[in-house]
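Single-structure report; data block below.
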Amino acid sequence: MRNSLYLKRYVQMHPDNKMGWYLLGKEYEKEGQQGKANYCFNKAGSIYEAFETSKMPSDILKEYESKLIQQAHEKEQRSLWTRRTLIVFMLLMLALVPSVDAPGQHMKAQSALNSKQPEGKIPKNRSDNALDRGHSSTPDENVVLFTAAQEGGFGTGGFEFKPGPFAKPEQLRSKLAVLEMKKQGNWLMWNRRMPIGYTLENNAPGAVTYQSYNPKVCNCQPLDAGKLANDALAWTGVQEEQALLYSAIKAYKNNSGRFPDKLADLLRPFPGNWISGTTDGMKDDFQPMLERVKAEESGQPVNTAEGTAGKGPFSGTWGGKPFFGEPLKIIVDKSNHRLAVVSGRIILRNYKVGLGGERTPEGRYVITDKVINPNGHSDGEFGSRGMQLSGTNYAIHGTNEQSSVGEDESQGCIRMSKTDVEELFDMVPMGTPVIISKGVLPDELIAPKERFQTKREQDQDQTNPQKTYHWL
């Protein structure tokens with residue numbers, strides 16, 4: 001698998017090298033990915049014909065392959081070192097430049113380091129974590145901010161560098177932790193447990209410390225690695241909650257023409273169950289998120305002063321704003337039986353699904369009905385959850401035929417395993433766009449151990465006994 005990764009990078013940089021394509025095809029062939037292998041063999045053209053019919057010794061091919069892989073690996077390491085050196089240089093320069101409008105308040109970390117959470121117990125969502133907010137920090141307090149960026153990259157994946165907390169190092173001790181997302185094609189792969197690539201810290205006037213957490217770059221083990229990983233896990237959970245809130249508020253406005261007045265407007269019984277439930281963190285975040293969406297939609301500047309001052313729900317994120325800046329949507333790829341939850345070009349989840357082949361229609365839809373136990377059963381043909389697509393007889397739902405997930409056995413609907421469909425039901429609001437097409441999603445699955453889950457409201461009946469569904 002590692003050889004195919006480096007060979008893939010090599011042919012991306014040298015698309016005319018037919019031998020590179022041929023060797024990549026042989027790697028895919030060994031991994032059982034015949035479709036990808038055939039594509040590479042076609043790109044190899046005459047080289048494929050020559051080598052498949054010749055008596056060329058295998059050790060010569062191996063030597064050639066090793067050289068290509070070594071070249072790709074060396075170029076990657078040089079590029080990674082150059083980018084990270086540039087980051088440190090930029091921060092050193094910015095740390096020496098006085099701030100034009102230095103803030104009068106300082107940031108406070110929403111950090112598991114400052115919580116009462118016992119070491120080794122990792123919170124699933126922010127409601128399980130002691131996150132303190134609502135007052136600013138003192139000048140000598142350590143500040144931990146988080147963001148996520150493309151693996152080995154800079155300025156991508158939501159990480160927009162601004163002077164911010166590093167403008168006045170003599171007033172503020174601060175640390176920025178950058179979590180790294182893998183890149184698959186045009187997508188960035190989010191995960192609850194993304195590795196920490198590196199940190200940048202102001203620990204003295206005019207000094208910025210760069211600390212790598214990547215064992216390929218630094219043969220070291222930073223002392224705070226375990227605690228910082230716990231804190232990062234809490235942060236990723238917060239961002240998923242805020243992504244749901246943001247998407248639900250915008251979907252409600254698009255459908256009703258007005259904003260919800262209170263969180264309870266999104267938590268009504270069926271058919272008003274815009275979201276399936278809530279968390280303590282979402283209850284705290286609703287009002288500031290609502291004000292943020294209102295400002296966006298009115299074209300007014302969005303106030304980030306509270307976030308950059310260490311207050312409010314967004315103060316633990318670089319830039320004082322939610323990490324996910326676009327509403328959630330669902331993409332279904334018929335080519336490889338995948339269903340992804342995405343925000344912009346970031347994939348938050350990528351599930352295996354069952355489809356109906358050509359019977360599954362391509363096009364654009366939205367989630368309308370969101371039903372728990374369709375037709376009164378949790379173990380019936382539609383499983384424990386169903387999400388109807390627009391005004392059609394197609395839906396995303398569970399199934400009592402688990403072996404059909406990953407196959408083309410439905411009459412057109414999208415089938416999911418019980419665990420996956422229940423997480424998806426909680427994670428996306430009613431009104432979420434659904435796009436069904438081919439050849440757009442990577443194969444790699446994303447379904448973390450820490451599943452997204454909301455708490456049901458006591459009076460929020462999300463069943464629909466008045467209707468018998470005849471989904472296909």
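We label chains A, B, ... in the order they appear in the structure tokens, count residues from 1 in each chain, and number ligands from 1 in the order shown.
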Problem set entry | Secondary structure check, strand (DSSP E or B) residues of region 237-462 of chain A, as a ChimeraX atom specification | /A:278,317,329-333,338-343,346-352,354-355,363-372,385-389,395-397,408,414-415,433-437,446,455
Write a file of the just-selected residues containing N, CA and C atoms, as a CSV table (one decimal), in the first residue's frame.
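Below you can see selection00.csv, which holds the result:
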```
chain,number,residue,atom,x,y,z
A,278,THR,N,-30.2,17.1,21.0
A,278,THR,CA,-29.2,18.2,21.3
A,278,THR,C,-28.2,17.7,22.3
A,317,THR,N,-10.9,27.9,18.9
A,317,THR,CA,-10.5,27.7,17.5
A,317,THR,C,-9.7,28.8,16.9
A,329,LYS,N,-23.6,18.8,3.8
A,329,LYS,CA,-24.4,18.1,2.7
A,329,LYS,C,-23.9,16.7,2.6
A,330,ILE,N,-24.8,15.9,1.9
A,330,ILE,CA,-24.5,14.5,1.7
A,330,ILE,C,-24.2,14.2,0.3
A,331,ILE,N,-23.2,13.4,0.0
A,331,ILE,CA,-22.8,13.0,-1.4
A,331,ILE,C,-22.9,11.5,-1.4
A,332,VAL,N,-23.5,10.9,-2.4
A,332,VAL,CA,-23.6,9.5,-2.6
A,332,VAL,C,-22.9,9.2,-3.9
A,333,ASP,N,-21.9,8.2,-3.8
A,333,ASP,CA,-21.1,7.8,-5.0
A,333,ASP,C,-21.5,6.4,-5.4
A,338,ARG,N,-20.5,4.5,-1.7
A,338,ARG,CA,-20.1,5.4,-0.5
A,338,ARG,C,-21.1,6.5,-0.3
A,339,LEU,N,-21.3,6.9,0.9
A,339,LEU,CA,-22.1,8.0,1.3
A,339,LEU,C,-21.3,8.9,2.2
A,340,ALA,N,-21.0,10.1,1.9
A,340,ALA,CA,-20.2,11.0,2.7
A,340,ALA,C,-21.0,12.2,3.2
A,341,VAL,N,-20.6,12.6,4.4
A,341,VAL,CA,-21.1,13.9,4.9
A,341,VAL,C,-19.9,14.9,4.8
A,342,VAL,N,-20.2,16.0,4.1
A,342,VAL,CA,-19.1,16.9,3.7
A,342,VAL,C,-19.4,18.3,4.1
A,343,SER,N,-18.4,19.1,4.3
A,343,SER,CA,-18.5,20.6,4.4
A,343,SER,C,-17.5,21.2,3.5
A,346,ILE,N,-14.1,19.2,2.7
A,346,ILE,CA,-13.7,18.3,3.8
A,346,ILE,C,-14.8,17.2,4.1
A,347,ILE,N,-14.3,16.0,4.1
A,347,ILE,CA,-15.2,14.9,4.4
A,347,ILE,C,-15.2,14.5,5.9
A,348,LEU,N,-16.3,14.7,6.5
A,348,LEU,CA,-16.4,14.3,7.9
A,348,LEU,C,-16.7,12.9,8.2
A,349,ARG,N,-17.5,12.3,7.3
A,349,ARG,CA,-17.8,10.8,7.4
A,349,ARG,C,-17.8,10.3,6.0
A,350,ASN,N,-17.5,9.0,5.9
A,350,ASN,CA,-17.6,8.3,4.6
A,350,ASN,C,-18.0,6.9,4.9
A,351,TYR,N,-19.2,6.5,4.6
A,351,TYR,CA,-19.8,5.3,4.9
A,351,TYR,C,-19.9,4.3,3.7
A,352,LYS,N,-19.9,3.0,4.0
A,352,LYS,CA,-20.3,2.1,3.0
A,352,LYS,C,-21.8,1.9,2.9
A,354,GLY,N,-25.5,0.4,0.7
A,354,GLY,CA,-26.1,-0.5,-0.3
A,354,GLY,C,-26.9,0.4,-1.3
A,355,LEU,N,-26.9,0.1,-2.5
A,355,LEU,CA,-27.6,0.8,-3.5
A,355,LEU,C,-28.5,-0.1,-4.4
A,363,GLY,N,-28.8,12.7,-9.2
A,363,GLY,CA,-29.4,14.0,-9.1
A,363,GLY,C,-29.3,14.7,-7.8
A,364,ARG,N,-30.0,15.8,-7.6
A,364,ARG,CA,-30.0,16.6,-6.4
A,364,ARG,C,-31.3,16.5,-5.6
A,365,TYR,N,-31.2,16.2,-4.3
A,365,TYR,CA,-32.4,16.1,-3.5
A,365,TYR,C,-32.1,16.8,-2.2
A,366,VAL,N,-33.2,16.8,-1.3
A,366,VAL,CA,-33.0,17.3,0.1
A,366,VAL,C,-33.7,16.3,1.0
A,367,ILE,N,-33.2,16.2,2.2
A,367,ILE,CA,-33.8,15.4,3.2
A,367,ILE,C,-35.1,16.1,3.7
A,368,THR,N,-36.2,15.4,3.6
A,368,THR,CA,-37.5,15.9,4.1
A,368,THR,C,-37.9,15.2,5.4
A,369,ASP,N,-38.7,14.1,5.3
A,369,ASP,CA,-39.0,13.4,6.5
A,369,ASP,C,-37.8,12.8,7.1
A,370,LYS,N,-37.7,12.9,8.5
A,370,LYS,CA,-36.7,12.2,9.3
A,370,LYS,C,-37.5,11.4,10.3
A,371,VAL,N,-37.4,10.1,10.2
A,371,VAL,CA,-38.3,9.2,10.9
A,371,VAL,C,-37.5,8.2,11.7
A,372,ILE,N,-37.9,8.1,13.0
A,372,ILE,CA,-37.4,7.0,13.8
A,372,ILE,C,-38.3,5.8,13.7
A,385,ARG,N,-34.0,3.9,11.3
A,385,ARG,CA,-34.0,5.3,10.9
A,385,ARG,C,-34.3,5.4,9.4
A,386,GLY,N,-35.0,6.5,9.0
A,386,GLY,CA,-35.2,6.7,7.6
A,386,GLY,C,-35.2,8.2,7.3
A,387,MET,N,-34.6,8.6,6.2
A,387,MET,CA,-34.6,10.0,5.8
A,387,MET,C,-35.0,10.1,4.3
A,388,GLN,N,-36.2,10.6,4.1
A,388,GLN,CA,-36.8,10.6,2.8
A,388,GLN,C,-36.1,11.7,1.9
A,389,LEU,N,-35.9,11.4,0.6
A,389,LEU,CA,-35.3,12.3,-0.3
A,389,LEU,C,-36.4,13.1,-1.1
A,395,ALA,N,-35.2,6.9,-0.2
A,395,ALA,CA,-34.8,7.3,1.1
A,395,ALA,C,-33.4,6.8,1.4
A,396,ILE,N,-32.8,7.4,2.4
A,396,ILE,CA,-31.6,6.8,3.1
A,396,ILE,C,-32.2,6.1,4.3
A,397,HIS,N,-32.0,4.8,4.5
A,397,HIS,CA,-32.6,4.2,5.6
A,397,HIS,C,-31.7,3.0,6.1
A,408,ASP,N,-25.6,-3.9,-4.7
A,408,ASP,CA,-26.7,-3.3,-5.5
A,408,ASP,C,-27.9,-4.2,-5.4
A,414,ILE,N,-31.0,3.9,-0.6
A,414,ILE,CA,-29.7,3.9,-0.1
A,414,ILE,C,-29.7,3.2,1.3
A,415,ARG,N,-29.1,2.0,1.4
A,415,ARG,CA,-29.2,1.3,2.6
A,415,ARG,C,-27.9,1.5,3.5
A,433,PRO,N,-28.9,19.0,1.8
A,433,PRO,CA,-28.9,18.6,0.4
A,433,PRO,C,-28.2,17.2,0.2
A,434,VAL,N,-28.7,16.5,-0.7
A,434,VAL,CA,-28.2,15.1,-1.0
A,434,VAL,C,-27.9,15.1,-2.5
A,435,ILE,N,-26.7,14.8,-2.9
A,435,ILE,CA,-26.3,14.7,-4.3
A,435,ILE,C,-25.8,13.3,-4.6
A,436,ILE,N,-26.5,12.7,-5.6
A,436,ILE,CA,-26.2,11.3,-6.0
A,436,ILE,C,-25.5,11.4,-7.4
A,437,SER,N,-24.3,10.8,-7.4
A,437,SER,CA,-23.5,10.8,-8.7
A,437,SER,C,-22.6,9.7,-8.7
A,446,ILE,N,-14.6,6.6,6.7
A,446,ILE,CA,-14.5,7.4,7.9
A,446,ILE,C,-15.7,7.2,8.8
A,455,LYS,N,-28.9,13.9,22.4
A,455,LYS,CA,-29.8,13.4,23.4
A,455,LYS,C,-31.2,13.8,23.0
```
Problem set entry | Exercise: Leu245 (chain A) partners within 8 Å, only C-alpha atoms, chain neighbours under 5 positions left out, as a PyMOL selection string | chain A and resi 282+286+289
For this session: Can you pull out every residue within 9 Å of region 220-226 of chain A, counting only C-alpha atoms, but drop anything in the same chain fewer than 4 positions away, and send it as a list in words?
Result: Glu119, Gly120, Ile196, Gln211, Ser212, Tyr213, Asn214, Pro215, Asn230 and Asp231 of chain A
What residues in region 242-312 of chain A get the DSSP label helix (DSSP H, G or I)? Please answer as a PDB file with N, CA and C atoms, in the first residue's frame.
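Output below, filename selection.pdb:
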```pdb
ATOM      1  N   GLN A 242     -21.098  22.086  16.347  1.00  0.00           N
ATOM      2  CA  GLN A 242     -21.339  23.415  15.790  1.00  0.00           C
ATOM      3  C   GLN A 242     -21.695  23.338  14.302  1.00  0.00           C
ATOM      4  N   ALA A 243     -21.136  22.354  13.590  1.00  0.00           N
ATOM      5  CA  ALA A 243     -21.487  22.174  12.178  1.00  0.00           C
ATOM      6  C   ALA A 243     -22.957  21.800  12.037  1.00  0.00           C
ATOM      7  N   LEU A 244     -23.459  20.959  12.920  1.00  0.00           N
ATOM      8  CA  LEU A 244     -24.879  20.593  12.897  1.00  0.00           C
ATOM      9  C   LEU A 244     -25.761  21.802  13.184  1.00  0.00           C
ATOM     10  N   LEU A 245     -25.408  22.567  14.213  1.00  0.00           N
ATOM     11  CA  LEU A 245     -26.197  23.760  14.555  1.00  0.00           C
ATOM     12  C   LEU A 245     -26.234  24.754  13.396  1.00  0.00           C
ATOM     13  N   TYR A 246     -25.078  25.034  12.845  1.00  0.00           N
ATOM     14  CA  TYR A 246     -24.960  25.988  11.742  1.00  0.00           C
ATOM     15  C   TYR A 246     -25.831  25.550  10.565  1.00  0.00           C
ATOM     16  N   SER A 247     -25.738  24.264  10.211  1.00  0.00           N
ATOM     17  CA  SER A 247     -26.494  23.742   9.074  1.00  0.00           C
ATOM     18  C   SER A 247     -27.993  23.759   9.344  1.00  0.00           C
ATOM     19  N   ALA A 248     -28.397  23.423  10.572  1.00  0.00           N
ATOM     20  CA  ALA A 248     -29.820  23.380  10.907  1.00  0.00           C
ATOM     21  C   ALA A 248     -30.447  24.770  10.871  1.00  0.00           C
ATOM     22  N   ILE A 249     -29.750  25.760  11.395  1.00  0.00           N
ATOM     23  CA  ILE A 249     -30.276  27.126  11.389  1.00  0.00           C
ATOM     24  C   ILE A 249     -30.467  27.620   9.957  1.00  0.00           C
ATOM     25  N   LYS A 250     -29.492  27.366   9.106  1.00  0.00           N
ATOM     26  CA  LYS A 250     -29.590  27.810   7.715  1.00  0.00           C
ATOM     27  C   LYS A 250     -30.685  27.048   6.964  1.00  0.00           C
ATOM     28  N   ALA A 251     -30.823  25.742   7.212  1.00  0.00           N
ATOM     29  CA  ALA A 251     -31.864  24.961   6.536  1.00  0.00           C
ATOM     30  C   ALA A 251     -33.256  25.419   6.975  1.00  0.00           C
ATOM     31  N   TYR A 252     -33.415  25.704   8.264  1.00  0.00           N
ATOM     32  CA  TYR A 252     -34.697  26.189   8.786  1.00  0.00           C
ATOM     33  C   TYR A 252     -35.068  27.511   8.123  1.00  0.00           C
ATOM     34  N   LYS A 253     -34.080  28.395   8.005  1.00  0.00           N
ATOM     35  CA  LYS A 253     -34.334  29.697   7.373  1.00  0.00           C
ATOM     36  C   LYS A 253     -34.695  29.532   5.892  1.00  0.00           C
ATOM     37  N   ASN A 254     -33.993  28.657   5.185  1.00  0.00           N
ATOM     38  CA  ASN A 254     -34.275  28.438   3.765  1.00  0.00           C
ATOM     39  C   ASN A 254     -35.672  27.871   3.549  1.00  0.00           C
ATOM     40  N   ASN A 255     -36.144  27.064   4.493  1.00  0.00           N
ATOM     41  CA  ASN A 255     -37.445  26.415   4.336  1.00  0.00           C
ATOM     42  C   ASN A 255     -38.596  27.293   4.780  1.00  0.00           C
ATOM     43  N   SER A 256     -38.422  27.982   5.905  1.00  0.00           N
ATOM     44  CA  SER A 256     -39.544  28.734   6.488  1.00  0.00           C
ATOM     45  C   SER A 256     -39.503  30.218   6.166  1.00  0.00           C
ATOM     46  N   LEU A 263     -33.815  27.335  20.329  1.00  0.00           N
ATOM     47  CA  LEU A 263     -33.384  25.994  19.955  1.00  0.00           C
ATOM     48  C   LEU A 263     -34.560  25.034  19.867  1.00  0.00           C
ATOM     49  N   ALA A 264     -35.576  25.238  20.701  1.00  0.00           N
ATOM     50  CA  ALA A 264     -36.735  24.351  20.703  1.00  0.00           C
ATOM     51  C   ALA A 264     -37.462  24.349  19.357  1.00  0.00           C
ATOM     52  N   ASP A 265     -37.301  25.412  18.557  1.00  0.00           N
ATOM     53  CA  ASP A 265     -37.927  25.444  17.233  1.00  0.00           C
ATOM     54  C   ASP A 265     -37.368  24.359  16.319  1.00  0.00           C
ATOM     55  N   LEU A 266     -36.157  23.917  16.605  1.00  0.00           N
ATOM     56  CA  LEU A 266     -35.534  22.867  15.789  1.00  0.00           C
ATOM     57  C   LEU A 266     -35.783  21.477  16.355  1.00  0.00           C
ATOM     58  N   ASP A 280     -25.504  19.442  25.697  1.00  0.00           N
ATOM     59  CA  ASP A 280     -25.336  20.618  26.547  1.00  0.00           C
ATOM     60  C   ASP A 280     -24.564  21.710  25.808  1.00  0.00           C
ATOM     61  N   GLY A 281     -23.562  21.310  25.048  1.00  0.00           N
ATOM     62  CA  GLY A 281     -22.783  22.288  24.305  1.00  0.00           C
ATOM     63  C   GLY A 281     -23.608  23.001  23.254  1.00  0.00           C
ATOM     64  N   MET A 282     -24.468  22.277  22.559  1.00  0.00           N
ATOM     65  CA  MET A 282     -25.312  22.892  21.534  1.00  0.00           C
ATOM     66  C   MET A 282     -26.301  23.879  22.158  1.00  0.00           C
ATOM     67  N   LYS A 283     -26.767  23.581  23.350  1.00  0.00           N
ATOM     68  CA  LYS A 283     -27.664  24.514  24.041  1.00  0.00           C
ATOM     69  C   LYS A 283     -26.935  25.834  24.333  1.00  0.00           C
ATOM     70  N   ASP A 284     -25.691  25.733  24.746  1.00  0.00           N
ATOM     71  CA  ASP A 284     -24.913  26.942  25.027  1.00  0.00           C
ATOM     72  C   ASP A 284     -24.578  27.708  23.746  1.00  0.00           C
ATOM     73  N   ASP A 285     -24.372  26.976  22.658  1.00  0.00           N
ATOM     74  CA  ASP A 285     -23.884  27.598  21.433  1.00  0.00           C
ATOM     75  C   ASP A 285     -24.975  28.139  20.525  1.00  0.00           C
ATOM     76  N   PHE A 286     -26.238  27.796  20.787  1.00  0.00           N
ATOM     77  CA  PHE A 286     -27.290  28.145  19.842  1.00  0.00           C
ATOM     78  C   PHE A 286     -27.382  29.649  19.597  1.00  0.00           C
ATOM     79  N   GLN A 287     -27.453  30.441  20.651  1.00  0.00           N
ATOM     80  CA  GLN A 287     -27.664  31.877  20.476  1.00  0.00           C
ATOM     81  C   GLN A 287     -26.502  32.559  19.753  1.00  0.00           C
ATOM     82  N   PRO A 288     -25.253  32.315  20.152  1.00  0.00           N
ATOM     83  CA  PRO A 288     -24.159  32.944  19.390  1.00  0.00           C
ATOM     84  C   PRO A 288     -24.084  32.442  17.955  1.00  0.00           C
ATOM     85  N   MET A 289     -24.429  31.173  17.712  1.00  0.00           N
ATOM     86  CA  MET A 289     -24.428  30.672  16.339  1.00  0.00           C
ATOM     87  C   MET A 289     -25.535  31.335  15.526  1.00  0.00           C
ATOM     88  N   LEU A 290     -26.698  31.528  16.137  1.00  0.00           N
ATOM     89  CA  LEU A 290     -27.809  32.200  15.458  1.00  0.00           C
ATOM     90  C   LEU A 290     -27.409  33.621  15.061  1.00  0.00           C
ATOM     91  N   GLU A 291     -26.783  34.351  15.975  1.00  0.00           N
ATOM     92  CA  GLU A 291     -26.351  35.710  15.661  1.00  0.00           C
ATOM     93  C   GLU A 291     -25.309  35.721  14.545  1.00  0.00           C
ATOM     94  N   ARG A 292     -24.476  34.713  14.539  1.00  0.00           N
ATOM     95  CA  ARG A 292     -23.462  34.622  13.490  1.00  0.00           C
ATOM     96  C   ARG A 292     -24.105  34.406  12.120  1.00  0.00           C
ATOM     97  N   VAL A 293     -25.066  33.480  12.051  1.00  0.00           N
ATOM     98  CA  VAL A 293     -25.741  33.199  10.780  1.00  0.00           C
ATOM     99  C   VAL A 293     -26.535  34.423  10.312  1.00  0.00           C
ATOM    100  N   LYS A 294     -27.191  35.101  11.234  1.00  0.00           N
ATOM    101  CA  LYS A 294     -27.946  36.315  10.868  1.00  0.00           C
ATOM    102  C   LYS A 294     -27.013  37.363  10.258  1.00  0.00           C
ATOM    103  N   ALA A 295     -25.852  37.542  10.876  1.00  0.00           N
ATOM    104  CA  ALA A 295     -24.891  38.521  10.352  1.00  0.00           C
ATOM    105  C   ALA A 295     -24.410  38.115   8.964  1.00  0.00           C
ATOM    106  N   GLU A 296     -24.143  36.850   8.767  1.00  0.00           N
ATOM    107  CA  GLU A 296     -23.704  36.361   7.457  1.00  0.00           C
ATOM    108  C   GLU A 296     -24.766  36.646   6.392  1.00  0.00           C
ATOM    109  N   GLU A 297     -26.006  36.293   6.702  1.00  0.00           N
ATOM    110  CA  GLU A 297     -27.072  36.394   5.706  1.00  0.00           C
ATOM    111  C   GLU A 297     -27.443  37.847   5.401  1.00  0.00           C
ATOM    112  N   SER A 298     -27.196  38.737   6.349  1.00  0.00           N
ATOM    113  CA  SER A 298     -27.498  40.149   6.106  1.00  0.00           C
ATOM    114  C   SER A 298     -26.339  40.872   5.433  1.00  0.00           C
ATOM    115  N   ALA A 305     -14.709  39.285  17.698  1.00  0.00           N
ATOM    116  CA  ALA A 305     -13.971  39.870  18.822  1.00  0.00           C
ATOM    117  C   ALA A 305     -14.094  39.015  20.072  1.00  0.00           C
ATOM    118  N   GLU A 306     -15.306  38.473  20.309  1.00  0.00           N
ATOM    119  CA  GLU A 306     -15.495  37.683  21.513  1.00  0.00           C
ATOM    120  C   GLU A 306     -14.647  36.416  21.471  1.00  0.00           C
ATOM    121  N   GLY A 307     -14.599  35.791  20.286  1.00  0.00           N
ATOM    122  CA  GLY A 307     -13.798  34.581  20.154  1.00  0.00           C
ATOM    123  C   GLY A 307     -12.324  34.839  20.354  1.00  0.00           C
ATOM    124  N   THR A 308     -11.820  35.933  19.804  1.00  0.00           N
ATOM    125  CA  THR A 308     -10.400  36.221  19.944  1.00  0.00           C
ATOM    126  C   THR A 308     -10.055  36.775  21.316  1.00  0.00           C
TER     127      THR A 308
END
```
Problem set entry | Residues near Ser403 (chain A), cut-off 12 Å, only C-alpha atoms, skip fewer than 2 positions along chain, as a list in words | Lys352, Val353, Gly354, Leu355, Gly398, Thr399, Asn400, Glu401, Val405, Gly406, Glu407, Asp408, Glu409, Ser410, Arg415, Met416 and Ser417 of chain A
Same residues, N, CA, C and O atoms, saved as a CSV table (one decimal), in the first residue's frame:
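Result file is again-v6.csv:
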```
chain,number,residue,atom,x,y,z
A,352,LYS,N,-19.9,3.0,4.0
A,352,LYS,CA,-20.3,2.1,3.0
A,352,LYS,C,-21.8,1.9,2.9
A,352,LYS,O,-22.4,1.9,4.0
A,353,VAL,N,-22.4,1.9,1.7
A,353,VAL,CA,-23.9,1.9,1.6
A,353,VAL,C,-24.3,0.9,0.6
A,353,VAL,O,-23.5,0.5,-0.3
A,354,GLY,N,-25.5,0.4,0.7
A,354,GLY,CA,-26.1,-0.5,-0.3
A,354,GLY,C,-26.9,0.4,-1.3
A,354,GLY,O,-27.6,1.4,-0.8
A,355,LEU,N,-26.9,0.1,-2.5
A,355,LEU,CA,-27.6,0.8,-3.5
A,355,LEU,C,-28.5,-0.1,-4.4
A,355,LEU,O,-28.6,-1.3,-4.2
A,398,GLY,N,-32.0,2.4,7.2
A,398,GLY,CA,-31.4,1.2,7.7
A,398,GLY,C,-31.9,0.0,6.9
A,398,GLY,O,-32.7,0.1,6.0
A,399,THR,N,-31.6,-1.2,7.4
A,399,THR,CA,-32.0,-2.4,6.7
A,399,THR,C,-31.9,-3.6,7.6
A,399,THR,O,-31.1,-3.6,8.6
A,400,ASN,N,-32.8,-4.6,7.4
A,400,ASN,CA,-32.6,-5.9,8.1
A,400,ASN,C,-31.9,-6.9,7.3
A,400,ASN,O,-31.9,-8.1,7.7
A,401,GLU,N,-31.3,-6.4,6.2
A,401,GLU,CA,-30.5,-7.3,5.4
A,401,GLU,C,-29.0,-6.7,5.3
A,401,GLU,O,-28.7,-6.1,4.4
A,405,VAL,N,-25.5,-4.2,2.4
A,405,VAL,CA,-24.8,-3.0,2.4
A,405,VAL,C,-23.4,-3.2,1.7
A,405,VAL,O,-22.7,-4.1,2.0
A,406,GLY,N,-23.2,-2.3,0.7
A,406,GLY,CA,-22.1,-2.5,-0.2
A,406,GLY,C,-22.4,-3.1,-1.5
A,406,GLY,O,-21.6,-3.2,-2.4
A,407,GLU,N,-23.7,-3.6,-1.6
A,407,GLU,CA,-24.1,-4.3,-2.9
A,407,GLU,C,-25.2,-3.5,-3.6
A,407,GLU,O,-25.7,-2.4,-3.1
A,408,ASP,N,-25.6,-3.9,-4.7
A,408,ASP,CA,-26.7,-3.3,-5.5
A,408,ASP,C,-27.9,-4.2,-5.4
A,408,ASP,O,-28.2,-4.9,-6.4
A,409,GLU,N,-28.6,-4.2,-4.3
A,409,GLU,CA,-29.7,-5.1,-4.1
A,409,GLU,C,-31.0,-4.4,-3.8
A,409,GLU,O,-32.1,-5.0,-3.7
A,410,SER,N,-31.0,-3.1,-3.6
A,410,SER,CA,-32.2,-2.3,-3.3
A,410,SER,C,-32.9,-2.0,-4.7
A,410,SER,O,-32.4,-2.2,-5.7
A,415,ARG,N,-29.1,2.0,1.4
A,415,ARG,CA,-29.2,1.3,2.6
A,415,ARG,C,-27.9,1.5,3.5
A,415,ARG,O,-26.8,1.5,2.9
A,416,MET,N,-28.1,1.5,4.8
A,416,MET,CA,-26.9,1.7,5.7
A,416,MET,C,-27.0,0.7,6.8
A,416,MET,O,-28.1,0.3,7.2
A,417,SER,N,-25.9,0.4,7.4
A,417,SER,CA,-25.9,-0.4,8.7
A,417,SER,C,-26.5,0.4,9.8
A,417,SER,O,-26.6,1.6,9.7
```
For this session: Enter the distance from CA of Asn17 (chain A) to CA of Pro442 (chain A), in Å, rounded to one decimal.
Result: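 Atom-to-atom, CA of Asn17 (chain A) and CA of Pro442 (chain A) are spaced 24.3 Å apart.
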Exercise. So how many Å separate CA of Gln150 (chain A) and CA of Gly320 (chain A), to one decimal?
Worked result: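 Going from CA of Gln150 (chain A) over to CA of Gly320 (chain A), I get 19.8 Å.
With CA of Leu228 (chain A) on one side and CA of Tyr210 (chain A) on the other, the separation reads 15.2 Å.
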For this session: May I have the residues within 8 Å of region 459-461 of chain A as a PyMOL selection string, using only C-alpha atoms and disregarding those fewer than 4 positions away in the same chain?
Result: chain A and resi 267-270+273
Seminar exercise, completed: Glu326 (chain A) proximity check over A:Asn202, A:Gln184, A:Asn373, A:Thr432, using only C-alpha atoms: winner is A:Thr432
Exercise. Pick the closest to Thr360 (chain A) from A:Gln466, A:Thr454, A:Thr392, A:Thr199: which is it, counting only C-alpha atoms?
Worked result: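 Checking each of A:Gln466, A:Thr454, A:Thr392, A:Thr199 against Thr360 (chain A), counting only C-alpha atoms, the winner is A:Thr392.
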